[in-house]
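Enquirer: This is the content of final_12.tsv (TSV, C-alpha atoms and all ligand atoms):
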chain	number	residue	atom	x	y	z
G	1	TYR	CA	51.47	-1.87	67.47
G	2	LEU	CA	48.69	-3.60	69.45
G	3	ALA	CA	47.18	-0.25	70.42
G	4	GLU	CA	47.28	0.75	66.76
G	5	LEU	CA	45.44	-2.45	65.80
G	6	LYS	CA	42.79	-1.89	68.47
G	7	LYS	CA	42.10	1.60	67.14
G	8	LEU	CA	41.53	0.20	63.65
G	9	LYS	CA	38.78	-2.07	64.90
G	10	ASP	CA	36.14	0.63	64.84
G	11	GLU	CA	37.20	2.34	61.62
G	12	PRO	CA	36.29	1.27	58.09
G	13	SER	CA	39.06	-0.31	56.00
G	14	ILE	CA	40.22	2.45	53.70
G	15	THR	CA	43.46	2.58	51.73
G	16	ALA	CA	45.82	5.55	52.10
G	17	ASP	CA	44.31	6.99	48.90
G	18	GLY	CA	40.72	6.63	50.08
G	19	HIS	CA	39.44	3.37	48.55
G	20	HIS	CA	37.12	1.34	50.71
G	21	VAL	CA	37.41	-2.44	50.92
G	22	GLU	CA	35.87	-4.96	53.29
G	23	VAL	CA	37.96	-7.16	55.55
G	24	VAL	CA	35.81	-10.02	56.78
G	25	ALA	CA	36.29	-13.43	58.35
G	26	ASN	CA	36.00	-17.11	57.49
G	27	ILE	CA	33.98	-18.91	60.15
G	28	GLY	CA	32.49	-22.34	60.80
G	29	ASN	CA	30.09	-21.68	63.68
G	30	LEU	CA	28.65	-19.09	66.08
G	31	HIS	CA	31.64	-19.29	68.39
G	32	ASP	CA	33.94	-18.32	65.50
G	33	ALA	CA	31.53	-15.51	64.55
G	34	ILE	CA	31.69	-13.95	68.00
G	35	GLY	CA	35.49	-14.21	68.04
G	36	ALA	CA	35.70	-12.71	64.55
G	37	LYS	CA	33.58	-9.72	65.52
G	38	LYS	CA	35.66	-9.11	68.67
G	39	ASN	CA	38.81	-9.18	66.60
G	40	GLY	CA	37.87	-6.59	64.04
G	41	ALA	CA	36.11	-8.51	61.25
G	42	GLU	CA	33.66	-6.30	59.36
G	43	GLY	CA	31.42	-9.25	58.62
G	44	VAL	CA	31.69	-12.82	57.38
G	45	GLY	CA	32.93	-13.58	53.87
G	46	LEU	CA	32.68	-17.34	54.23
G	47	TYR	CA	30.49	-19.27	56.63
G	48	ARG	CA	31.47	-22.92	56.09
G	49	THR	CA	28.15	-24.60	56.86
G	50	GLU	CA	29.44	-28.15	56.47
G	51	PHE	CA	30.46	-28.21	60.14
G	52	LEU	CA	26.75	-28.23	61.00
G	53	TYR	CA	26.49	-31.51	59.11
G	54	MET	CA	29.62	-33.18	60.49
G	55	GLY	CA	30.22	-35.24	63.63
G	56	ARG	CA	26.64	-36.47	63.92
G	57	ILE	CA	24.54	-39.41	62.81
G	58	GLY	CA	22.08	-37.72	60.46
G	59	LEU	CA	21.30	-34.53	58.55
G	60	PRO	CA	20.59	-31.35	60.55
G	61	SER	CA	16.93	-30.32	60.35
G	62	GLU	CA	15.76	-27.12	58.67
G	63	GLU	CA	14.93	-25.68	62.10
G	64	GLU	CA	18.36	-26.46	63.50
G	65	GLN	CA	20.03	-24.85	60.51
G	66	TYR	CA	17.76	-21.83	60.64
G	67	GLU	CA	18.65	-21.22	64.30
G	68	ALA	CA	22.37	-21.53	63.55
G	69	TYR	CA	22.30	-19.14	60.56
G	70	LYS	CA	20.04	-16.69	62.38
G	71	ALA	CA	22.40	-16.52	65.37
G	72	VAL	CA	25.37	-15.69	63.14
G	73	ALA	CA	23.37	-13.15	61.10
G	74	GLU	CA	22.24	-11.43	64.30
G	75	THR	CA	25.79	-11.32	65.65
G	76	PHE	CA	26.75	-9.10	62.71
G	77	GLY	CA	23.57	-7.02	62.40
G	78	ALA	CA	23.78	-4.84	59.27
G	79	ARG	CA	27.21	-6.23	58.37
G	80	PRO	CA	27.35	-8.91	55.64
G	81	VAL	CA	27.31	-12.63	56.39
G	82	VAL	CA	28.02	-14.80	53.34
G	83	ILE	CA	26.62	-18.28	53.94
G	84	ARG	CA	28.10	-20.95	51.71
G	85	THR	CA	25.90	-23.91	50.92
G	86	LEU	CA	27.09	-27.38	51.82
G	87	ASP	CA	30.60	-28.18	50.59
G	88	ILE	CA	30.94	-31.82	51.57
G	89	GLY	CA	33.06	-34.40	49.75
G	90	GLY	CA	36.71	-33.87	48.86
G	91	ASP	CA	38.51	-34.07	52.20
G	92	LYS	CA	35.26	-33.85	54.21
G	93	GLU	CA	33.04	-36.94	54.41
G	94	LEU	CA	29.61	-37.53	55.88
G	95	PRO	CA	29.31	-41.19	56.92
G	96	TYR	CA	25.50	-41.08	56.96
G	97	LEU	CA	25.27	-40.02	53.30
G	98	ASP	CA	26.73	-43.31	52.15
G	99	VAL	CA	28.72	-41.98	49.21
G	100	PRO	CA	30.97	-44.66	47.66
G	101	GLU	CA	34.69	-44.14	48.08
G	102	GLU	CA	36.36	-42.41	45.14
G	103	MET	CA	39.84	-42.54	43.59
G	104	ASN	CA	40.01	-38.72	43.37
G	105	PRO	CA	37.68	-37.21	45.94
G	106	PHE	CA	38.75	-33.64	45.12
G	107	LEU	CA	37.68	-34.27	41.52
G	108	GLY	CA	34.58	-36.14	42.49
G	109	TYR	CA	31.14	-35.98	43.98
G	110	ARG	CA	31.39	-32.90	46.16
G	111	ALA	CA	29.76	-29.59	47.06
G	112	ILE	CA	27.30	-28.26	44.46
G	113	ARG	CA	27.57	-31.53	42.50
G	114	LEU	CA	26.21	-33.50	45.44
G	115	CYS	CA	23.61	-30.82	46.23
G	116	LEU	CA	22.23	-30.76	42.68
G	117	ASP	CA	22.08	-34.56	42.70
G	118	GLN	CA	20.29	-34.64	46.08
G	119	PRO	CA	17.97	-31.62	45.85
G	120	GLY	CA	16.10	-32.61	48.99
G	121	ILE	CA	19.19	-31.95	51.12
G	122	PHE	CA	19.95	-28.76	49.19
G	123	LYS	CA	16.44	-27.30	49.34
G	124	THR	CA	16.22	-27.83	53.09
G	125	GLN	CA	19.38	-25.78	53.47
G	126	LEU	CA	18.18	-23.08	51.05
G	127	ARG	CA	14.94	-22.76	53.04
G	128	ALA	CA	16.86	-22.36	56.28
G	129	ILE	CA	19.16	-19.72	54.78
G	130	LEU	CA	16.27	-17.79	53.20
G	131	ARG	CA	14.38	-17.79	56.49
G	132	ALA	CA	17.49	-16.53	58.30
G	133	SER	CA	17.87	-13.74	55.72
G	134	VAL	CA	15.36	-11.52	57.53
G	135	HIS	CA	17.57	-11.44	60.63
G	136	GLY	CA	20.57	-9.64	59.22
G	137	ASN	CA	22.52	-8.98	56.03
G	138	VAL	CA	22.66	-12.53	54.71
G	139	LYS	CA	24.13	-13.42	51.33
G	140	LEU	CA	24.06	-16.88	49.78
G	141	MET	CA	27.02	-18.49	48.00
G	142	TYR	CA	27.39	-21.73	46.01
G	143	PRO	CA	30.69	-23.67	46.16
G	144	MET	CA	32.53	-25.42	43.31
G	145	ILE	CA	30.48	-24.13	40.37
G	146	ALA	CA	32.16	-25.29	37.14
G	147	THR	CA	29.48	-24.58	34.53
G	148	LEU	CA	26.80	-22.01	33.81
G	149	THR	CA	24.28	-24.85	33.83
G	150	GLU	CA	25.13	-25.76	37.42
G	151	LEU	CA	24.63	-22.14	38.43
G	152	ARG	CA	21.26	-22.05	36.66
G	153	GLN	CA	20.16	-25.33	38.23
G	154	ALA	CA	21.07	-24.08	41.70
G	155	ASN	CA	19.21	-20.82	41.06
G	156	GLN	CA	16.21	-22.76	39.75
G	157	LEU	CA	16.02	-24.70	43.03
G	158	LEU	CA	16.36	-21.42	44.93
G	159	THR	CA	13.43	-19.98	42.96
G	160	GLU	CA	11.35	-23.06	43.79
G	161	VAL	CA	12.13	-22.69	47.48
G	162	LYS	CA	11.17	-19.00	47.39
G	163	GLN	CA	7.85	-19.90	45.77
G	164	GLU	CA	7.21	-22.50	48.45
G	165	LEU	CA	7.97	-19.97	51.18
G	166	ASP	CA	5.68	-17.42	49.46
G	167	ALA	CA	2.89	-19.98	49.32
G	168	SER	CA	3.20	-20.60	53.06
G	169	GLY	CA	3.56	-16.91	53.91
G	170	ILE	CA	7.01	-17.44	55.45
G	171	PRO	CA	9.16	-14.28	55.31
G	172	TYR	CA	12.57	-14.00	53.67
G	173	ASN	CA	14.58	-11.21	52.09
G	174	PRO	CA	13.64	-11.27	48.37
G	175	LYS	CA	16.68	-9.09	47.62
G	176	MET	CA	19.19	-11.42	49.27
G	177	GLU	CA	22.36	-11.38	47.16
G	178	VAL	CA	23.30	-14.68	45.53
G	179	GLY	CA	26.88	-15.33	44.52
G	180	MET	CA	29.25	-18.15	43.76
G	181	MET	CA	32.75	-19.24	44.61
G	182	VAL	CA	35.26	-19.24	41.80
G	183	GLU	CA	37.52	-22.14	42.72
G	184	VAL	CA	37.47	-24.21	39.53
G	185	PRO	CA	39.64	-22.87	36.67
G	186	ALA	CA	36.78	-23.47	34.19
G	187	ALA	CA	34.63	-21.03	36.14
G	188	ALA	CA	37.39	-18.42	36.16
G	189	MET	CA	37.73	-18.78	32.38
G	190	ILE	CA	34.02	-18.11	31.81
G	191	ALA	CA	33.68	-15.54	34.59
G	192	ASP	CA	32.37	-13.02	32.03
G	193	GLN	CA	29.38	-15.31	31.35
G	194	LEU	CA	28.83	-16.24	35.00
G	195	ALA	CA	29.04	-12.62	36.15
G	196	LYS	CA	25.80	-11.84	34.32
G	197	GLU	CA	23.89	-14.30	36.50
G	198	VAL	CA	25.29	-13.70	39.99
G	199	ASP	CA	25.46	-10.77	42.40
G	200	PHE	CA	29.08	-11.44	43.39
G	201	PHE	CA	32.06	-13.75	43.13
G	202	SER	CA	34.27	-15.01	45.93
G	203	ILE	CA	37.52	-16.54	44.76
G	204	GLY	CA	38.42	-19.71	46.65
G	205	THR	CA	42.16	-19.87	46.17
G	206	ASN	CA	42.68	-22.99	48.31
G	207	ASP	CA	40.92	-25.01	45.64
G	208	LEU	CA	41.69	-22.74	42.68
G	209	VAL	CA	45.42	-23.27	43.28
G	210	GLN	CA	45.16	-27.05	43.61
G	211	TYR	CA	43.06	-27.33	40.45
G	212	THR	CA	45.15	-24.89	38.41
G	213	LEU	CA	48.44	-26.58	39.28
G	214	ALA	CA	46.89	-30.08	39.33
G	215	ALA	CA	48.34	-30.74	42.79
G	216	ASP	CA	46.25	-32.25	45.58
G	217	ARG	CA	46.18	-29.76	48.46
G	218	MET	CA	46.50	-32.62	51.00
G	219	ASN	CA	49.52	-34.35	49.38
G	220	GLU	CA	52.76	-33.21	50.97
G	221	ARG	CA	54.92	-34.65	48.22
G	222	VAL	CA	53.53	-32.11	45.78
G	223	SER	CA	53.16	-29.28	48.28
G	224	TYR	CA	55.80	-27.24	46.43
G	225	LEU	CA	53.07	-26.68	43.83
G	226	ALA	CA	50.77	-24.98	46.33
G	227	GLN	CA	51.62	-21.63	44.71
G	228	PRO	CA	49.04	-18.89	45.05
G	229	PHE	CA	51.57	-16.50	43.45
G	230	HIS	CA	51.94	-18.63	40.33
G	231	PRO	CA	51.32	-16.25	37.43
G	232	ALA	CA	48.62	-18.58	36.09
G	233	VAL	CA	46.67	-18.26	39.34
G	234	LEU	CA	47.13	-14.50	39.43
G	235	ARG	CA	45.96	-14.16	35.84
G	236	LEU	CA	42.85	-16.17	36.63
G	237	ILE	CA	42.20	-13.92	39.63
G	238	ARG	CA	42.57	-10.86	37.40
G	239	MET	CA	40.08	-12.31	34.91
G	240	VAL	CA	37.54	-12.95	37.63
G	241	ILE	CA	37.78	-9.47	39.15
G	242	ARG	CA	37.58	-7.80	35.74
G	243	ALA	CA	34.57	-9.90	34.74
G	244	ALA	CA	32.74	-9.01	37.94
G	245	HIS	CA	33.45	-5.30	37.59
G	246	SER	CA	32.46	-5.18	33.94
G	247	GLN	CA	28.99	-6.33	35.06
G	248	GLY	CA	28.90	-3.94	38.03
G	249	LYS	CA	29.30	-6.80	40.51
G	250	TRP	CA	31.74	-7.13	43.38
G	251	ALA	CA	34.55	-9.66	43.75
G	252	GLY	CA	35.92	-11.05	46.99
G	253	MET	CA	38.33	-13.75	48.00
G	254	CYS	CA	37.90	-16.29	50.79
G	255	GLY	CA	40.91	-18.56	50.29
G	256	GLU	CA	43.95	-18.36	52.60
G	257	MET	CA	45.62	-16.05	50.11
G	258	ALA	CA	43.29	-13.17	51.04
G	259	GLY	CA	45.02	-12.85	54.43
G	260	ASN	CA	48.57	-13.16	53.11
G	261	LEU	CA	50.34	-9.83	53.65
G	262	THR	CA	52.41	-10.19	50.47
G	263	ALA	CA	49.31	-11.02	48.43
G	264	ILE	CA	47.19	-8.14	49.73
G	265	PRO	CA	49.02	-5.37	47.80
G	266	LEU	CA	48.70	-7.39	44.58
G	267	LEU	CA	45.01	-8.15	45.17
G	268	LEU	CA	44.29	-4.51	45.98
G	269	GLY	CA	46.06	-3.51	42.78
G	270	LEU	CA	43.91	-5.98	40.84
G	271	GLY	CA	40.82	-4.34	42.34
G	272	LEU	CA	39.60	-6.96	44.81
G	273	ASP	CA	36.68	-5.54	46.84
G	274	GLU	CA	36.45	-7.95	49.75
G	275	PHE	CA	39.09	-9.93	51.66
G	276	SER	CA	37.87	-12.84	53.79
G	277	MET	CA	40.35	-14.62	56.04
G	278	SER	CA	41.03	-16.38	59.32
G	279	THR	CA	40.16	-14.14	62.24
G	280	SER	CA	43.77	-13.90	63.41
G	281	SER	CA	44.74	-12.28	60.09
G	282	VAL	CA	42.03	-9.59	60.09
G	283	LEU	CA	43.63	-6.78	62.09
G	284	PRO	CA	47.12	-7.15	60.58
G	285	ALA	CA	45.49	-7.08	57.12
G	286	ARG	CA	43.50	-3.97	57.98
G	287	ALA	CA	46.62	-2.26	59.33
G	288	LEU	CA	48.45	-2.93	56.08
G	289	ILE	CA	45.54	-1.83	53.87
G	290	HIS	CA	45.46	1.53	55.69
G	291	LYS	CA	49.02	2.19	54.60
G	292	LEU	CA	48.70	1.17	50.96
G	293	ASN	CA	47.94	3.31	47.94
G	294	ARG	CA	45.65	1.39	45.61
G	295	THR	CA	46.23	3.50	42.53
G	296	ALA	CA	50.00	2.96	42.75
G	297	LEU	CA	49.45	-0.77	43.20
G	298	GLN	CA	47.52	-1.09	39.96
G	299	SER	CA	50.60	-0.75	37.79
G	300	LEU	CA	52.65	-2.80	40.25
G	301	ALA	CA	50.17	-5.67	39.89
G	302	GLU	CA	50.22	-5.45	36.10
G	303	GLN	CA	54.03	-5.63	36.11
G	304	ALA	CA	54.02	-8.52	38.58
G	305	LEU	CA	51.73	-10.55	36.33
G	306	GLU	CA	54.27	-10.35	33.53
G	307	LEU	CA	56.87	-12.21	35.60
G	308	GLY	CA	57.43	-15.92	35.06
G	309	THR	CA	57.48	-17.54	38.47
G	310	ALA	CA	55.83	-17.31	41.87
G	311	GLU	CA	59.22	-16.68	43.51
G	312	GLU	CA	59.95	-13.75	41.21
G	313	ILE	CA	56.52	-12.28	41.82
G	314	MET	CA	56.81	-12.52	45.61
G	315	ALA	CA	60.30	-10.99	45.57
G	316	PHE	CA	59.09	-8.20	43.27
G	317	VAL	CA	56.19	-7.31	45.56
G	318	LYS	CA	58.34	-7.38	48.71
G	319	ARG	CA	60.95	-5.18	47.03
G	320	ASN	CA	58.41	-2.61	45.87
G	321	VAL	CA	56.01	-2.51	48.82
G	322	PRO	CA	58.03	-1.61	51.93
G	323	GLU	CA	54.80	-1.29	53.97
G	324	ILE	CA	54.54	-5.11	54.13
G	325	ALA	CA	57.35	-5.43	56.67
G	401	LIG	C1	38.78	-22.35	48.99
G	401	LIG	O1	38.74	-23.37	48.29
G	401	LIG	O2	39.63	-21.45	48.83
G	401	LIG	C2	37.84	-22.15	50.08
G	401	LIG	C3	37.78	-21.01	50.75
G	401	LIG	O3	37.03	-23.20	50.40
G	401	LIG	P1	37.48	-24.45	51.29
G	401	LIG	O4	38.85	-24.12	51.83
G	401	LIG	O5	36.43	-24.59	52.32
G	401	LIG	O6	37.47	-25.53	50.26
G	402	MG	MG	37.02	-24.65	48.36
Once you've parsed the file, please lay out its structure as structure tokens.

Expert:
Amino acid sequence: YLAELKKLKDEPSITADGHHVEVVANIGNLHDAIGAKKNGAEGVGLYRTEFLYMGRIGLPSEEEQYEAYKAVAETFGARPVVIRTLDIGGDKELPYLDVPEEMNPFLGYRAIRLCLDQPGIFKTQLRAILRASVHGNVKLMYPMIATLTELRQANQLLTEVKQELDASGIPYNPKMEVGMMVEVPAAAMIADQLAKEVDFFSIGTNDLVQYTLAADRMNERVSYLAQPFHPAVLRLIRMVIRAAHSQGKWAGMCGEMAGNLTAIPLLLGLGLDEFSMSTSSVLPARALIHKLNRTALQSLAEQALELGTAEEIMAFVKRNVPEIA
């Protein structure tokens, strides 16, 4: 089995019936990036940049960020590296930002909300990412978008930063793709509108599940509601993928669900284009994808989404997809 996995490393991820998907990794730093590449990741689907901001006494400078993003972009060469802008707040705090404590941090001042409110911090990061975009195949992604207005405001700041770089003659890739995470149910519900104004979606199921089921992902007493296979979650995922495709855009997933071997057949059947996961899941996921027939999984996924509970859906998939075992 290990020899089989090793062989897969240098081949593209193609289903048994010839459909190509990307299997990429979630990383937090250069060390993770190197490990991900060694272990068969075809790129990075989620670079969590907040780790650059944590465990220190002040904000990282533009130069420091640029060097960090450049190093990861160069590690992957022509392969995609999706850099997510700062997602602080929720369970991750920055003492030096002096944000008042909140009753419901996961529903509070976090991620894009904080960045739009403190555009100085955000624009510094956008500049660093744009500058790094000439060193590889960099894509930019906003976290926690809930409204079309937030997306437009973020893009407006990005346009300003590009103009500033132009004025100083600093190079960047003007065609860098710009996408957003879909991790708030409101965004999934208006994915058709959002899809017109992004280059791609990446579904963040860790948050999408907690917000859809109204169950804090850190609270063990309600952990039974952490159900990525809940039909409501799966229907939202279907909406997002359909909306992207109807605008000719691609849809990925960077929540834990993307690396779940029972979820992969369903997600393939729903048409997901990119699967981003922990490095340790990459080769097993690629091995499974090689054995699956996407066309057959389309009707399986449609049937699964008519079932009433997560348990029924998981049992149905396991029963009908023997390749999982
Ligand atoms: C997610 O919410 O699914 C996600 C990938 O982002 P994070 O886990 O960093 O919130
Ligand atoms: Mg998230």

Enquirer: Please identify the residues whose atoms come within 9 Å of ligand MG 402 (chain G), using only C-alpha atoms and all ligand atoms, and report them as an MDAnalysis selection string.

Expert: chainID G and resid 87 111 143:144 181:184 203:208 254:255

Enquirer: My list of candidates is G:Gln193, G:Gln65, G:Asn26, G:Thr147. Which is closest to Val82 of chain G when distances are computed with all atoms listed in the file?

Expert: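 Closest to Val82 of chain G of all the choices is G:Asn26.
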
Enquirer: Extract, using all atoms listed in the file, all DNA, RNA and protein residues at most 8 Å from Ala16 of chain G, discarding same-chain residues fewer than 6 positions from it, and format them as a PDB file with C-alpha atoms, in the coordinates of the input.

Expert:
ATOM      1  CA  ILE G 289      45.540  -1.830  53.870  1.00  0.00           C
ATOM      2  CA  HIS G 290      45.460   1.530  55.690  1.00  0.00           C
ATOM      3  CA  LYS G 291      49.020   2.190  54.600  1.00  0.00           C
ATOM      4  CA  LEU G 292      48.700   1.170  50.960  1.00  0.00           C
ATOM      5  CA  ASN G 293      47.940   3.310  47.940  1.00  0.00           C
ATOM      6  CA  ARG G 294      45.650   1.390  45.610  1.00  0.00           C
TER       7      ARG G 294
END

Enquirer: Step by step: start from the point (24.9, -22.4, 58.5) in the file's coordinates, keep every protein, DNA or RNA residue that has an atom no farther than 8 Å from it, count all atoms listed in the file, and write the set as JSON, numbers by chain.

Expert: {"G": [28, 29, 47, 48, 49, 50, 52, 65, 66, 68, 69, 83, 84, 85, 129]}

Enquirer: Scan for residues within 10 Å of the point (56.2, -22.0, 45.0) in the coordinates of the file, using all atoms listed in the file, and reply as a PyMOL selection string.

Expert: chain G and resi 223-230+309-312+314

Enquirer: For Ile121 of chain G, please output as an mmCIF file with C-alpha atoms, keeping the file's coordinate frame all residues within 12 Å (counting all atoms listed in the file; exclusion window: fewer than 6 positions along the same chain).

Expert:
data_model
loop_
_atom_site.group_PDB
_atom_site.id
_atom_site.type_symbol
_atom_site.label_atom_id
_atom_site.label_comp_id
_atom_site.auth_asym_id
_atom_site.auth_seq_id
_atom_site.Cartn_x
_atom_site.Cartn_y
_atom_site.Cartn_z
ATOM 1 C CA TYR G 53 26.490 -31.510 59.110
ATOM 2 C CA GLY G 58 22.080 -37.720 60.460
ATOM 3 C CA LEU G 59 21.300 -34.530 58.550
ATOM 4 C CA PRO G 60 20.590 -31.350 60.550
ATOM 5 C CA SER G 61 16.930 -30.320 60.350
ATOM 6 C CA GLU G 62 15.760 -27.120 58.670
ATOM 7 C CA GLN G 65 20.030 -24.850 60.510
ATOM 8 C CA THR G 85 25.900 -23.910 50.920
ATOM 9 C CA LEU G 86 27.090 -27.380 51.820
ATOM 10 C CA ILE G 88 30.940 -31.820 51.570
ATOM 11 C CA LEU G 97 25.270 -40.020 53.300
ATOM 12 C CA ALA G 111 29.760 -29.590 47.060
ATOM 13 C CA ILE G 112 27.300 -28.260 44.460
ATOM 14 C CA LEU G 114 26.210 -33.500 45.440
ATOM 15 C CA CYS G 115 23.610 -30.820 46.230
ATOM 16 C CA ARG G 127 14.940 -22.760 53.040
ATOM 17 C CA ALA G 128 16.860 -22.360 56.280
ATOM 18 C CA LEU G 157 16.020 -24.700 43.030
#

Enquirer: Give me the residues within 10 Å of Leu300 of chain G as an NGL selection string, counting all atoms listed in the file and dropping any in the same chain fewer than 6 places off.

Expert: :G and (265-266 or 269-270 or 294 or 316-317 or 320-321)

Enquirer: Mind giving me the straight-line distance from atom CA of Leu194 of chain G to atom CA of Leu151 of chain G in Å, one decimal?

Expert: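 For atom CA of Leu194 of chain G relative to atom CA of Leu151 of chain G, the distance reads 8.0 Å.
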
Enquirer: Could the centre and edge lengths of an axis-aligned box, enclosing all atoms of segment 161-169 of chain G in the file with 4 Å extra on each side, be given in Å to one decimal as lines of an AutoDock Vina configuration file?

Expert:
center_x = 7.5
center_y = -19.8
center_z = 49.8
size_x = 17.2
size_y = 13.8
size_z = 16.1

Enquirer: At a cut-off of 8 Å, using only C-alpha atoms, what residues contact Ile324 of chain G? Leave out same-chain residues fewer than 4 positions from it and give the result as a ChimeraX atom specification.

Expert: /G:261-262,288,318

Enquirer: Looking at only C-alpha atoms and all ligand atoms, which of G:His31, G:Arg110, G:Arg221, G:Lys123 is the one that sits closest to ligand LIG 401 (chain G)?

Expert: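 Between G:His31, G:Arg110, G:Arg221, G:Lys123, the residue approaching ligand LIG 401 (chain G) most closely is G:Arg110.
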
Enquirer: Taking into account only C-alpha atoms and all ligand atoms, which residue in the set G:Glu177, G:Glu220, G:Glu256, G:Glu63 is nearest to ligand LIG 401 (chain G)?

Expert: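 Under the stated criterion, the closest residue is G:Glu256.
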
Enquirer: Calculated over all atoms listed in the file, which of the candidates G:Asp91, G:Glu101, G:Asp17, G:Asp166 has the smallest distance to ligand LIG 401 (chain G)?

Expert: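 Of G:Asp91, G:Glu101, G:Asp17, G:Asp166, the one nearest ligand LIG 401 (chain G) is G:Asp91, counting all atoms listed in the file.
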
Enquirer: Using all atoms listed in the file, which residue out of G:Val209, G:Ala195, G:Ala215, G:Val222 lies closest to Ala244 of chain G?

Expert: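 Checking each candidate against Ala244 of chain G, we get G:Ala195 as the closest.
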
Enquirer: Between G:Thr212, G:Ser281, G:Ser299, G:Ser276, which has the minimum distance to ligand LIG 401 (chain G) (counting only C-alpha atoms and all ligand atoms)?

Expert: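 When distances to ligand LIG 401 (chain G) are compared using only C-alpha atoms and all ligand atoms, the smallest one comes from G:Ser276.
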
Enquirer: At what distance in Å, to one decimal, does atom CA of Gln125 of chain G lie from atom CA of Val178 of chain G?

Expert: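 So the answer is 14.2 Å.
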
Enquirer: Mind pulling up the distance from atom CA of Phe275 of chain G to atom CA of Val21 of chain G?

Expert: 7.7 Å

Enquirer: Please provide the set of residues having any atom within 7 Å of Ala251 of chain G, restricted to only C-alpha atoms, with same-chain residues fewer than 6 positions apart removed, written as a list in words.

Expert: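 Skipping anything fewer than 6 positions along the chain leaves Phe200, Phe201, Ser202, Ile241, Ala244, Leu272, Asp273 and Glu274 of chain G.
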